[in-house]
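> So here's input_5.cif (mmCIF, C-alpha atoms).
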```cif
data_model
loop_
_atom_site.label_atom_id
_atom_site.label_comp_id
_atom_site.auth_asym_id
_atom_site.auth_seq_id
_atom_site.Cartn_x
_atom_site.Cartn_y
_atom_site.Cartn_z
CA MET G 29 2.02 28.74 6.03
CA THR G 30 3.14 26.35 3.28
CA GLN G 31 2.58 22.74 4.20
CA ASN G 32 5.21 20.18 3.36
CA ILE G 33 5.55 16.53 2.52
CA VAL G 34 7.08 14.56 5.38
CA ALA G 35 8.85 11.51 3.93
CA LEU G 36 9.91 8.93 6.52
CA ILE G 37 13.23 7.36 5.61
CA ASP G 38 14.71 4.22 7.17
CA GLY G 39 17.17 1.58 6.03
CA SER G 40 14.55 -0.54 4.26
CA ILE G 41 14.14 -1.30 0.58
CA TYR G 42 11.03 0.88 0.65
CA SER G 43 13.01 4.09 1.22
CA ALA G 44 13.77 4.65 -2.47
CA SER G 45 10.07 4.21 -3.27
CA VAL G 46 9.14 6.66 -0.51
CA CYS G 47 11.46 9.21 -2.13
CA GLU G 48 10.08 8.60 -5.63
CA HIS G 49 6.49 8.92 -4.42
CA ALA G 50 7.44 12.07 -2.50
CA ALA G 51 8.92 13.50 -5.70
CA TRP G 52 5.68 12.68 -7.55
CA VAL G 53 3.56 14.37 -4.88
CA ALA G 54 5.89 17.39 -4.84
CA ALA G 55 5.77 17.78 -8.61
CA ARG G 56 1.96 17.78 -8.61
CA THR G 57 1.37 19.94 -5.53
CA GLY G 58 4.39 22.25 -5.35
CA MET G 59 4.91 21.31 -1.69
CA PRO G 60 8.47 21.13 -0.34
CA VAL G 61 9.76 17.82 0.98
CA GLU G 62 11.10 17.20 4.47
CA LEU G 63 13.07 13.97 4.78
CA LEU G 64 12.88 12.56 8.29
CA HIS G 65 14.96 9.75 9.80
CA VAL G 66 14.22 8.76 13.38
CA LEU G 67 16.69 6.86 15.52
CA GLY G 68 14.65 4.84 17.98
CA ARG G 69 15.32 5.04 21.67
CA ARG G 70 17.29 1.81 21.54
CA GLU G 71 19.49 3.33 18.85
CA ALA G 72 19.97 6.70 20.52
CA PRO G 73 23.03 7.49 22.60
CA GLU G 74 22.35 6.71 26.21
CA LYS G 75 24.18 7.12 29.47
CA ARG G 76 23.96 3.92 31.46
CA ASP G 77 25.10 3.41 35.02
CA LEU G 78 27.23 0.30 34.89
CA SER G 79 28.69 0.72 38.35
CA GLY G 80 26.34 -1.91 39.76
CA ALA G 81 28.31 -4.53 37.85
CA ILE G 82 31.23 -3.92 40.22
CA ARG G 83 29.31 -5.83 42.85
CA LEU G 84 29.44 -8.78 40.50
CA GLY G 85 33.18 -8.53 40.29
CA ALA G 86 33.42 -6.83 36.91
CA ARG G 87 36.45 -4.69 36.33
CA THR G 88 36.33 -0.95 35.74
CA LYS G 89 38.20 -1.37 32.47
CA LEU G 90 35.55 -3.77 31.16
CA MET G 91 32.82 -1.30 32.02
CA GLU G 92 34.67 1.47 30.24
CA GLU G 93 35.04 -0.73 27.15
CA LEU G 94 31.33 -1.54 27.17
CA ALA G 95 30.46 2.14 27.45
CA ALA G 96 32.86 2.96 24.60
CA LEU G 97 31.29 0.27 22.40
CA ASP G 98 27.84 1.65 23.13
CA GLU G 99 28.93 5.16 22.17
CA GLN G 100 30.61 3.84 19.03
CA ARG G 101 27.42 2.02 18.01
CA SER G 102 25.40 5.19 18.51
CA ARG G 103 27.85 7.18 16.38
CA LEU G 104 27.73 4.57 13.61
CA LEU G 105 23.93 4.57 13.63
CA ALA G 106 23.93 8.36 13.41
CA GLN G 107 26.40 8.23 10.51
CA GLN G 108 24.21 5.65 8.78
CA GLY G 109 21.19 7.88 9.30
CA ARG G 110 22.96 10.85 7.75
CA ALA G 111 24.05 8.68 4.81
CA LEU G 112 20.44 7.53 4.28
CA LEU G 113 19.24 11.14 4.31
CA ASP G 114 21.97 12.19 1.88
CA GLU G 115 21.01 9.40 -0.52
CA ALA G 116 17.32 10.29 -0.23
CA HIS G 117 18.16 13.94 -0.90
CA SER G 118 20.06 12.88 -4.01
CA ILE G 119 17.08 10.84 -5.32
CA LEU G 120 14.74 13.79 -4.87
CA SER G 121 17.18 16.25 -6.45
CA LYS G 122 17.59 14.03 -9.51
CA ALA G 123 13.80 13.85 -9.76
CA GLY G 124 13.65 17.64 -9.99
CA VAL G 125 12.59 18.53 -6.44
CA SER G 126 14.24 21.79 -5.43
CA GLU G 127 12.90 22.44 -1.93
CA ILE G 128 14.27 19.67 0.28
CA THR G 129 15.17 19.66 3.95
CA THR G 130 16.53 16.80 6.04
CA ARG G 131 16.05 16.08 9.70
CA MET G 132 17.35 13.35 11.98
CA ARG G 133 15.76 12.91 15.39
CA HIS G 134 16.12 10.59 18.36
CA GLY G 135 13.13 9.05 20.07
CA ASP G 136 9.85 7.39 19.24
CA ILE G 137 8.77 7.79 15.61
CA VAL G 138 5.08 8.35 16.42
CA GLU G 139 5.89 11.02 19.01
CA THR G 140 8.30 12.66 16.57
CA VAL G 141 5.74 12.75 13.76
CA ALA G 142 3.15 14.16 16.18
CA GLU G 143 5.52 17.01 17.04
CA ILE G 144 6.04 18.10 13.43
CA GLU G 145 2.82 17.14 11.65
CA ASP G 146 1.15 20.53 12.11
CA ASP G 147 3.23 21.68 9.14
CA ALA G 148 2.61 18.50 7.13
CA GLY G 149 0.18 18.26 4.24
CA VAL G 150 0.87 14.57 3.78
CA ILE G 151 3.03 11.95 5.48
CA ILE G 152 4.67 9.32 3.27
CA ILE G 153 5.80 6.02 4.75
CA GLY G 154 6.76 2.66 3.28
CA LYS G 155 4.46 -0.30 3.70
CA ARG G 156 7.12 -2.15 5.63
CA GLY G 157 10.32 -1.27 7.45
CA GLU G 158 13.83 -2.63 7.68
CA ALA G 159 12.63 -6.20 8.20
CA ALA G 160 10.63 -6.09 4.96
CA ASP G 161 12.33 -9.09 3.37
CA PHE G 162 11.77 -11.18 6.49
CA ALA G 163 8.14 -10.16 7.09
CA LYS G 164 6.53 -10.04 3.69
CA GLY G 165 3.16 -11.11 5.08
CA HIS G 166 3.06 -8.38 7.72
CA LEU G 167 2.76 -4.63 7.73
CA GLY G 168 5.40 -2.49 9.35
CA SER G 169 4.65 -1.73 12.99
CA ASN G 170 5.55 1.94 12.49
CA LEU G 171 3.06 2.19 9.63
CA GLU G 172 0.24 0.84 11.76
CA ARG G 173 1.11 3.08 14.69
CA ILE G 174 1.40 6.24 12.56
CA ALA G 175 -1.77 5.51 10.59
CA ARG G 176 -3.68 5.13 13.86
CA ALA G 177 -2.22 8.19 15.57
CA SER G 178 -1.58 10.78 12.84
CA ARG G 179 -4.08 13.54 12.17
CA ARG G 180 -2.78 13.98 8.62
CA THR G 181 -3.26 12.17 5.36
CA VAL G 182 -0.95 9.15 5.25
CA PHE G 183 0.41 8.03 1.88
CA VAL G 184 1.56 4.41 2.09
CA ALA G 185 4.20 3.80 -0.57
CA SER G 186 4.35 0.46 -2.35
CA ARG G 187 7.61 -1.40 -2.81
CA ALA G 188 8.30 0.15 -6.21
CA PHE G 189 7.09 3.36 -7.81
CA GLN G 190 4.92 3.08 -10.91
CA PRO G 191 3.37 5.94 -12.90
CA ILE G 192 0.00 6.89 -11.41
CA GLU G 193 -2.89 7.52 -13.80
CA LYS G 194 -5.94 5.66 -12.43
CA VAL G 195 -7.26 6.13 -8.89
CA LEU G 196 -9.70 3.85 -7.08
CA VAL G 197 -11.68 5.46 -4.26
CA ALA G 198 -13.22 3.07 -1.72
CA TYR G 199 -16.29 4.97 -0.57
CA ASP G 200 -18.72 3.91 2.14
CA GLY G 201 -20.44 7.20 2.90
CA GLY G 202 -18.75 7.63 6.28
CA ALA G 203 -17.17 10.84 7.56
CA SER G 204 -13.65 9.81 6.54
CA ALA G 205 -14.84 8.77 3.08
CA GLN G 206 -16.52 12.16 2.67
CA LYS G 207 -13.25 13.82 3.66
CA ALA G 208 -11.44 11.71 1.09
CA ILE G 209 -13.77 13.04 -1.62
CA ASP G 210 -13.24 16.60 -0.37
CA LEU G 211 -9.45 16.08 -0.39
CA ILE G 212 -9.47 14.84 -3.97
CA ALA G 213 -11.70 17.73 -5.05
CA ARG G 214 -9.40 20.42 -3.69
CA MET G 215 -5.90 18.90 -3.89
CA PRO G 216 -3.92 19.32 -7.12
CA LEU G 217 -2.31 15.95 -6.40
CA PHE G 218 -5.23 14.24 -8.16
CA ALA G 219 -5.67 16.68 -11.05
CA HIS G 220 -6.15 15.04 -14.48
CA LEU G 221 -6.19 11.54 -13.02
CA ALA G 222 -9.03 9.15 -13.86
CA ILE G 223 -11.13 8.58 -10.74
CA HIS G 224 -13.35 5.55 -10.13
CA ILE G 225 -15.48 5.44 -6.98
CA VAL G 226 -16.82 2.17 -5.60
CA THR G 227 -18.96 1.19 -2.65
CA VAL G 228 -18.56 -2.43 -1.63
CA ALA G 229 -22.23 -3.36 -1.25
CA ALA G 230 -25.14 -4.84 -3.13
CA ASP G 231 -26.67 -2.49 -5.67
CA SER G 232 -29.55 -0.44 -4.25
CA PRO G 233 -31.08 3.04 -4.71
CA SER G 234 -29.43 4.31 -1.52
CA VAL G 235 -26.00 3.02 -2.58
CA ARG G 236 -26.40 4.60 -6.02
CA LYS G 237 -27.52 7.88 -4.46
CA GLY G 238 -24.40 8.08 -2.30
CA LEU G 239 -22.11 7.20 -5.19
CA ASP G 240 -23.78 9.72 -7.49
CA ALA G 241 -23.40 12.51 -4.90
CA ALA G 242 -19.70 11.74 -4.40
CA ALA G 243 -19.07 11.50 -8.13
CA GLN G 244 -20.92 14.76 -8.82
CA LYS G 245 -18.80 16.62 -6.29
CA LEU G 246 -15.67 15.55 -8.14
CA ARG G 247 -17.17 16.30 -11.54
CA ASP G 248 -17.99 19.78 -10.31
CA ALA G 249 -14.30 20.13 -9.44
CA GLY G 250 -13.36 19.22 -13.02
CA TYR G 251 -12.63 15.50 -12.71
CA THR G 252 -13.51 12.67 -15.04
CA VAL G 253 -15.30 10.22 -12.74
CA THR G 254 -16.98 6.85 -12.97
CA SER G 255 -18.75 5.06 -10.12
CA ALA G 256 -20.38 1.73 -9.38
CA PRO G 257 -21.38 -0.54 -6.51
CA LEU G 258 -19.12 -3.54 -6.02
CA PRO G 259 -20.52 -6.79 -4.60
CA GLY G 260 -18.52 -9.10 -2.39
CA GLN G 261 -16.25 -8.95 0.64
CA PRO G 262 -14.47 -5.57 0.77
CA ASP G 263 -10.82 -6.67 0.83
CA ALA G 264 -11.19 -9.43 -1.78
CA ALA G 265 -13.47 -7.42 -4.08
CA LEU G 266 -11.29 -4.32 -4.00
CA GLY G 267 -8.13 -6.35 -4.51
CA ARG G 268 -9.57 -8.09 -7.57
CA LEU G 269 -10.73 -4.78 -9.02
CA VAL G 270 -7.29 -3.21 -8.60
CA GLU G 271 -5.62 -6.11 -10.39
CA LYS G 272 -8.24 -6.47 -13.14
CA GLN G 273 -8.55 -2.82 -14.10
CA GLY G 274 -4.98 -1.71 -13.41
CA PHE G 275 -5.50 0.98 -10.80
CA ASN G 276 -2.29 2.68 -9.67
CA LEU G 277 -3.50 4.24 -6.41
CA ILE G 278 -6.18 3.52 -3.80
CA VAL G 279 -7.77 6.24 -1.66
CA MET G 280 -9.65 5.22 1.49
CA GLY G 281 -11.04 6.96 4.54
CA ALA G 282 -9.23 6.19 7.77
CA TYR G 283 -12.48 5.23 9.47
CA GLY G 284 -15.76 4.08 8.04
CA HIS G 285 -19.07 2.40 8.65
CA SER G 286 -19.87 -1.20 9.44
CA ARG G 287 -17.26 -3.66 8.11
CA MET G 288 -14.80 -0.81 7.49
CA ARG G 289 -15.23 0.73 10.91
CA SER G 290 -11.54 1.05 11.72
CA LEU G 291 -9.49 0.56 8.63
CA VAL G 292 -6.01 0.21 10.02
CA ILE G 293 -7.05 -1.93 12.95
CA GLY G 294 -9.76 -3.79 11.06
CA SER G 295 -9.22 -6.58 8.59
CA THR G 296 -10.27 -4.81 5.39
CA THR G 297 -7.60 -2.15 5.19
CA THR G 298 -4.94 -4.30 6.80
CA GLU G 299 -5.51 -6.85 4.05
CA MET G 300 -5.61 -4.15 1.35
CA LEU G 301 -2.31 -2.70 2.51
CA ARG G 302 -0.75 -6.12 2.84
CA SER G 303 -1.85 -7.62 -0.46
CA CYS G 304 -2.15 -4.76 -2.97
CA LYS G 305 0.95 -3.80 -4.88
CA VAL G 306 -0.12 -0.18 -5.35
CA PRO G 307 0.17 2.74 -2.91
CA VAL G 308 -2.73 3.55 -0.59
CA VAL G 309 -3.77 6.99 0.66
CA LEU G 310 -5.49 6.97 4.07
CA VAL G 311 -7.52 10.10 4.76
CA ARG G 312 -8.42 11.13 8.32
#
```
Show how you would write the structure in this file as structure tokens.


Amino acid sequence: MTQNIVALIDGSIYSASVCEHAAWVAARTGMPVELLHVLGRREAPEKRDLSGAIRLGARTKLMEELAALDEQRSRLLAQQGRALLDEAHSILSKAGVSEITTRMRHGDIVETVAEIEDDAGVIIIGKRGEAADFAKGHLGSNLERIARASRRTVFVASRAFQPIEKVLVAYDGGASAQKAIDLIARMPLFAHLAIHIVTVAADSPSVRKGLDAAAQKLRDAGYTVTSAPLPGQPDAALGRLVEKQGFNLIVMGAYGHSRMRSLVIGSTTTEMLRSCKVPVVLVR
């Protein structure tokens, strides 16, 4: 079965970037794109029993008007959702993506993604949601929830798409980091990109041995790879390296050892996602 790219679309300024990154992934992998917009439970049409208000002296006409307003709001939100999907479809089509489907669902976004992710090769989501301009120092709550719960690779889109040529792999030797190396080795998404692997730790024979093994696996798969230990605190050291050397993409395991034990919940990856202006791929 062909896996697809699930691109999560909302009304935020990140949606265009999600589409552009989805188009980039599609062009390199040949995977079709499924655009998904989820209306939360608060936004979904609901049938509420307002009859209890009669005991407070409210009139039947007022209750009918309230119910009509609620239904109208739900219809408008659904129309907005369809408009967002249409615009996203247009962005992808202009970028040359031919296999595109759209889906609008009601309910919880994490539960919805869980229902459809068996067919997903990668899930793309913006770093922040519709409150992005009001919460620039915070990550989107949906991003954190999906990154914790999803069993698939999560591609966190930055605010604006930039051409991707240099990839930084944060490697700590843990199971998720090993899976990240395996993913890069087999996935055409990373073909012909320059790969640099770092372990945030003091230089030592054991650190070098782990880096050399990871680098050799990618070289055997045909990649041009460099590797080096990186001293310092993980989030600060990685952030400086991204800025200094102009990396366009970061790849990290979803869970790791020691200081990077739980990347989304822990401080290192939260800070990386919050501060870095490049997309981040989280590998389960």

> The residues within 10 Å of (13.6, 4.6, 10.1), using all atoms listed in the file and the coordinates of the file, should be reported as a ChimeraX atom specification; which are they?

/G:36-40,43,64-68,109,112,132,137,153-154,157-158,170

> Using only C-alpha atoms, can you tell me which of G:Glu48, G:Glu172, G:Asp200, G:Asp248 comes closest to Arg302 in chain G?

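The closest residue to Arg302 in chain G is G:Glu172.
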
> Find the residues near Tyr251 in chain G: any atom within 8 Å, counting all atoms listed in the file, skip ones fewer than 5 places away on the same chain, and give them as a list in words.

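What passes the distance filter is Ala219, His220, Leu221, Ala222, Ile223 and Leu246 of chain G.
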
> Could you state which residues are captured by the PyMOL selection byres ((chain G and resi 209) around 9) in this file, as a list in words?

Val197, Tyr199, Ser204, Ala205, Gln206, Lys207, Ala208, Asp210, Leu211, Ile212, Ala213, Arg214, Ala242, Ala243, Lys245 and Leu246 of chain G

> If you count only C-alpha atoms, which residues fall within 7 Å of Asn32 in chain G, apart from same-chain ones fewer than 4 positions away, as an MDAnalysis selection string?

chainID G and resid 59:62 147:149

> Based on the selection just made, write C-alpha atoms of those residues as a short mmCIF file (atom, residue, chain, number, x, y, z; two decimals), in the frame of the given file.


```cif
data_model
loop_
_atom_site.label_atom_id
_atom_site.label_comp_id
_atom_site.auth_asym_id
_atom_site.auth_seq_id
_atom_site.Cartn_x
_atom_site.Cartn_y
_atom_site.Cartn_z
CA MET G 59 4.91 21.31 -1.69
CA PRO G 60 8.47 21.13 -0.34
CA VAL G 61 9.76 17.82 0.98
CA GLU G 62 11.10 17.20 4.47
CA ASP G 147 3.23 21.68 9.14
CA ALA G 148 2.61 18.50 7.13
CA GLY G 149 0.18 18.26 4.24
#
```

> Please return as a ChimeraX atom specification every residue within 6 Å of (-2.1, 7.1, -0.3), taking into account all atoms listed in the file and the file's own coordinates.

/G:183-184,279,307-310

> Please provide as a list of chain:residue names all residues within 10 Å of Ile152 in chain G, with the sequence filter that same-chain residues fewer than 2 positions apart are discarded (counting all atoms listed in the file).

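Those residues are G:Ile33, G:Val34, G:Ala35, G:Leu36, G:Ile37, G:Ser45, G:Val46, G:Cys47, G:His49, G:Ala50, G:Val53, G:Leu63, G:Val150, G:Gly154, G:Lys155, G:Leu171, G:Thr181, G:Val182, G:Phe183, G:Val184, G:Ala185, G:Val309.
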
> Report the distance between CA of Leu301 in chain G and CA of Val235 in chain G in Å, rounded to one decimal place.

24.9 Å

> Figure out the distance between CA of Met300 in chain G and CA of Ile278 in chain G, please, to one decimal in Å.

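Taking CA of Ile278 in chain G as the start and CA of Met300 in chain G as the end point, the length is 9.3 Å.
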
> By how many Å are CA of Leu269 in chain G and CA of Ser255 in chain G apart?

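Separation of CA of Leu269 in chain G and CA of Ser255 in chain G: 12.7 Å.
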
> Of the residues G:Ala282, G:Asn276, G:Thr30, G:Lys194, which is the one nearest to Val311 in chain G, using only C-alpha atoms?

G:Ala282

> Hey, which of G:Ala203, G:Ala116, G:Leu90, G:Ala229 ends up closest to Met280 in chain G? Count all atoms listed in the file.

G:Ala203

> Take range 53-69 of chain G, model N, CA and C atoms, and hand the result over as a PDB file, in the frame of the given file.


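selection.pdb written:
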```
ATOM      1  N   VAL G  53       4.491  13.497  -5.589  1.00  0.00           N
ATOM      2  CA  VAL G  53       3.560  14.370  -4.880  1.00  0.00           C
ATOM      3  C   VAL G  53       4.030  15.823  -4.955  1.00  0.00           C
ATOM      4  N   ALA G  54       5.338  16.040  -4.788  1.00  0.00           N
ATOM      5  CA  ALA G  54       5.890  17.390  -4.840  1.00  0.00           C
ATOM      6  C   ALA G  54       5.691  18.022  -6.207  1.00  0.00           C
ATOM      7  N   ALA G  55       5.904  17.248  -7.254  1.00  0.00           N
ATOM      8  CA  ALA G  55       5.770  17.780  -8.610  1.00  0.00           C
ATOM      9  C   ALA G  55       4.327  18.209  -8.903  1.00  0.00           C
ATOM     10  N   ARG G  56       3.364  17.496  -8.333  1.00  0.00           N
ATOM     11  CA  ARG G  56       1.960  17.780  -8.610  1.00  0.00           C
ATOM     12  C   ARG G  56       1.365  18.838  -7.684  1.00  0.00           C
ATOM     13  N   THR G  57       1.941  19.018  -6.520  1.00  0.00           N
ATOM     14  CA  THR G  57       1.370  19.940  -5.530  1.00  0.00           C
ATOM     15  C   THR G  57       2.207  21.193  -5.298  1.00  0.00           C
ATOM     16  N   GLY G  58       3.504  21.127  -5.629  1.00  0.00           N
ATOM     17  CA  GLY G  58       4.390  22.250  -5.350  1.00  0.00           C
ATOM     18  C   GLY G  58       4.841  22.319  -3.908  1.00  0.00           C
ATOM     19  N   MET G  59       4.510  21.305  -3.097  1.00  0.00           N
ATOM     20  CA  MET G  59       4.910  21.310  -1.690  1.00  0.00           C
ATOM     21  C   MET G  59       6.379  20.921  -1.547  1.00  0.00           C
ATOM     22  N   PRO G  60       7.095  21.557  -0.614  1.00  0.00           N
ATOM     23  CA  PRO G  60       8.470  21.130  -0.340  1.00  0.00           C
ATOM     24  C   PRO G  60       8.475  19.792   0.387  1.00  0.00           C
ATOM     25  N   VAL G  61       9.623  19.139   0.361  1.00  0.00           N
ATOM     26  CA  VAL G  61       9.760  17.820   0.980  1.00  0.00           C
ATOM     27  C   VAL G  61      10.693  17.915   2.186  1.00  0.00           C
ATOM     28  N   GLU G  62      10.243  17.352   3.298  1.00  0.00           N
ATOM     29  CA  GLU G  62      11.100  17.200   4.470  1.00  0.00           C
ATOM     30  C   GLU G  62      11.386  15.722   4.663  1.00  0.00           C
ATOM     31  N   LEU G  63      12.643  15.347   4.560  1.00  0.00           N
ATOM     32  CA  LEU G  63      13.070  13.970   4.780  1.00  0.00           C
ATOM     33  C   LEU G  63      13.360  13.781   6.256  1.00  0.00           C
ATOM     34  N   LEU G  64      12.750  12.778   6.852  1.00  0.00           N
ATOM     35  CA  LEU G  64      12.880  12.560   8.290  1.00  0.00           C
ATOM     36  C   LEU G  64      13.366  11.142   8.567  1.00  0.00           C
ATOM     37  N   HIS G  65      14.450  11.045   9.332  1.00  0.00           N
ATOM     38  CA  HIS G  65      14.960   9.750   9.800  1.00  0.00           C
ATOM     39  C   HIS G  65      14.978   9.780  11.314  1.00  0.00           C
ATOM     40  N   VAL G  66      14.333   8.796  11.924  1.00  0.00           N
ATOM     41  CA  VAL G  66      14.220   8.760  13.380  1.00  0.00           C
ATOM     42  C   VAL G  66      15.027   7.591  13.924  1.00  0.00           C
ATOM     43  N   LEU G  67      15.969   7.895  14.795  1.00  0.00           N
ATOM     44  CA  LEU G  67      16.690   6.860  15.520  1.00  0.00           C
ATOM     45  C   LEU G  67      15.879   6.509  16.749  1.00  0.00           C
ATOM     46  N   GLY G  68      15.457   5.268  16.840  1.00  0.00           N
ATOM     47  CA  GLY G  68      14.650   4.840  17.980  1.00  0.00           C
ATOM     48  C   GLY G  68      15.414   4.967  19.270  1.00  0.00           C
ATOM     49  N   ARG G  69      14.689   4.866  20.353  1.00  0.00           N
ATOM     50  CA  ARG G  69      15.320   5.040  21.670  1.00  0.00           C
ATOM     51  C   ARG G  69      16.420   4.023  21.907  1.00  0.00           C
TER      52      ARG G  69
END
```
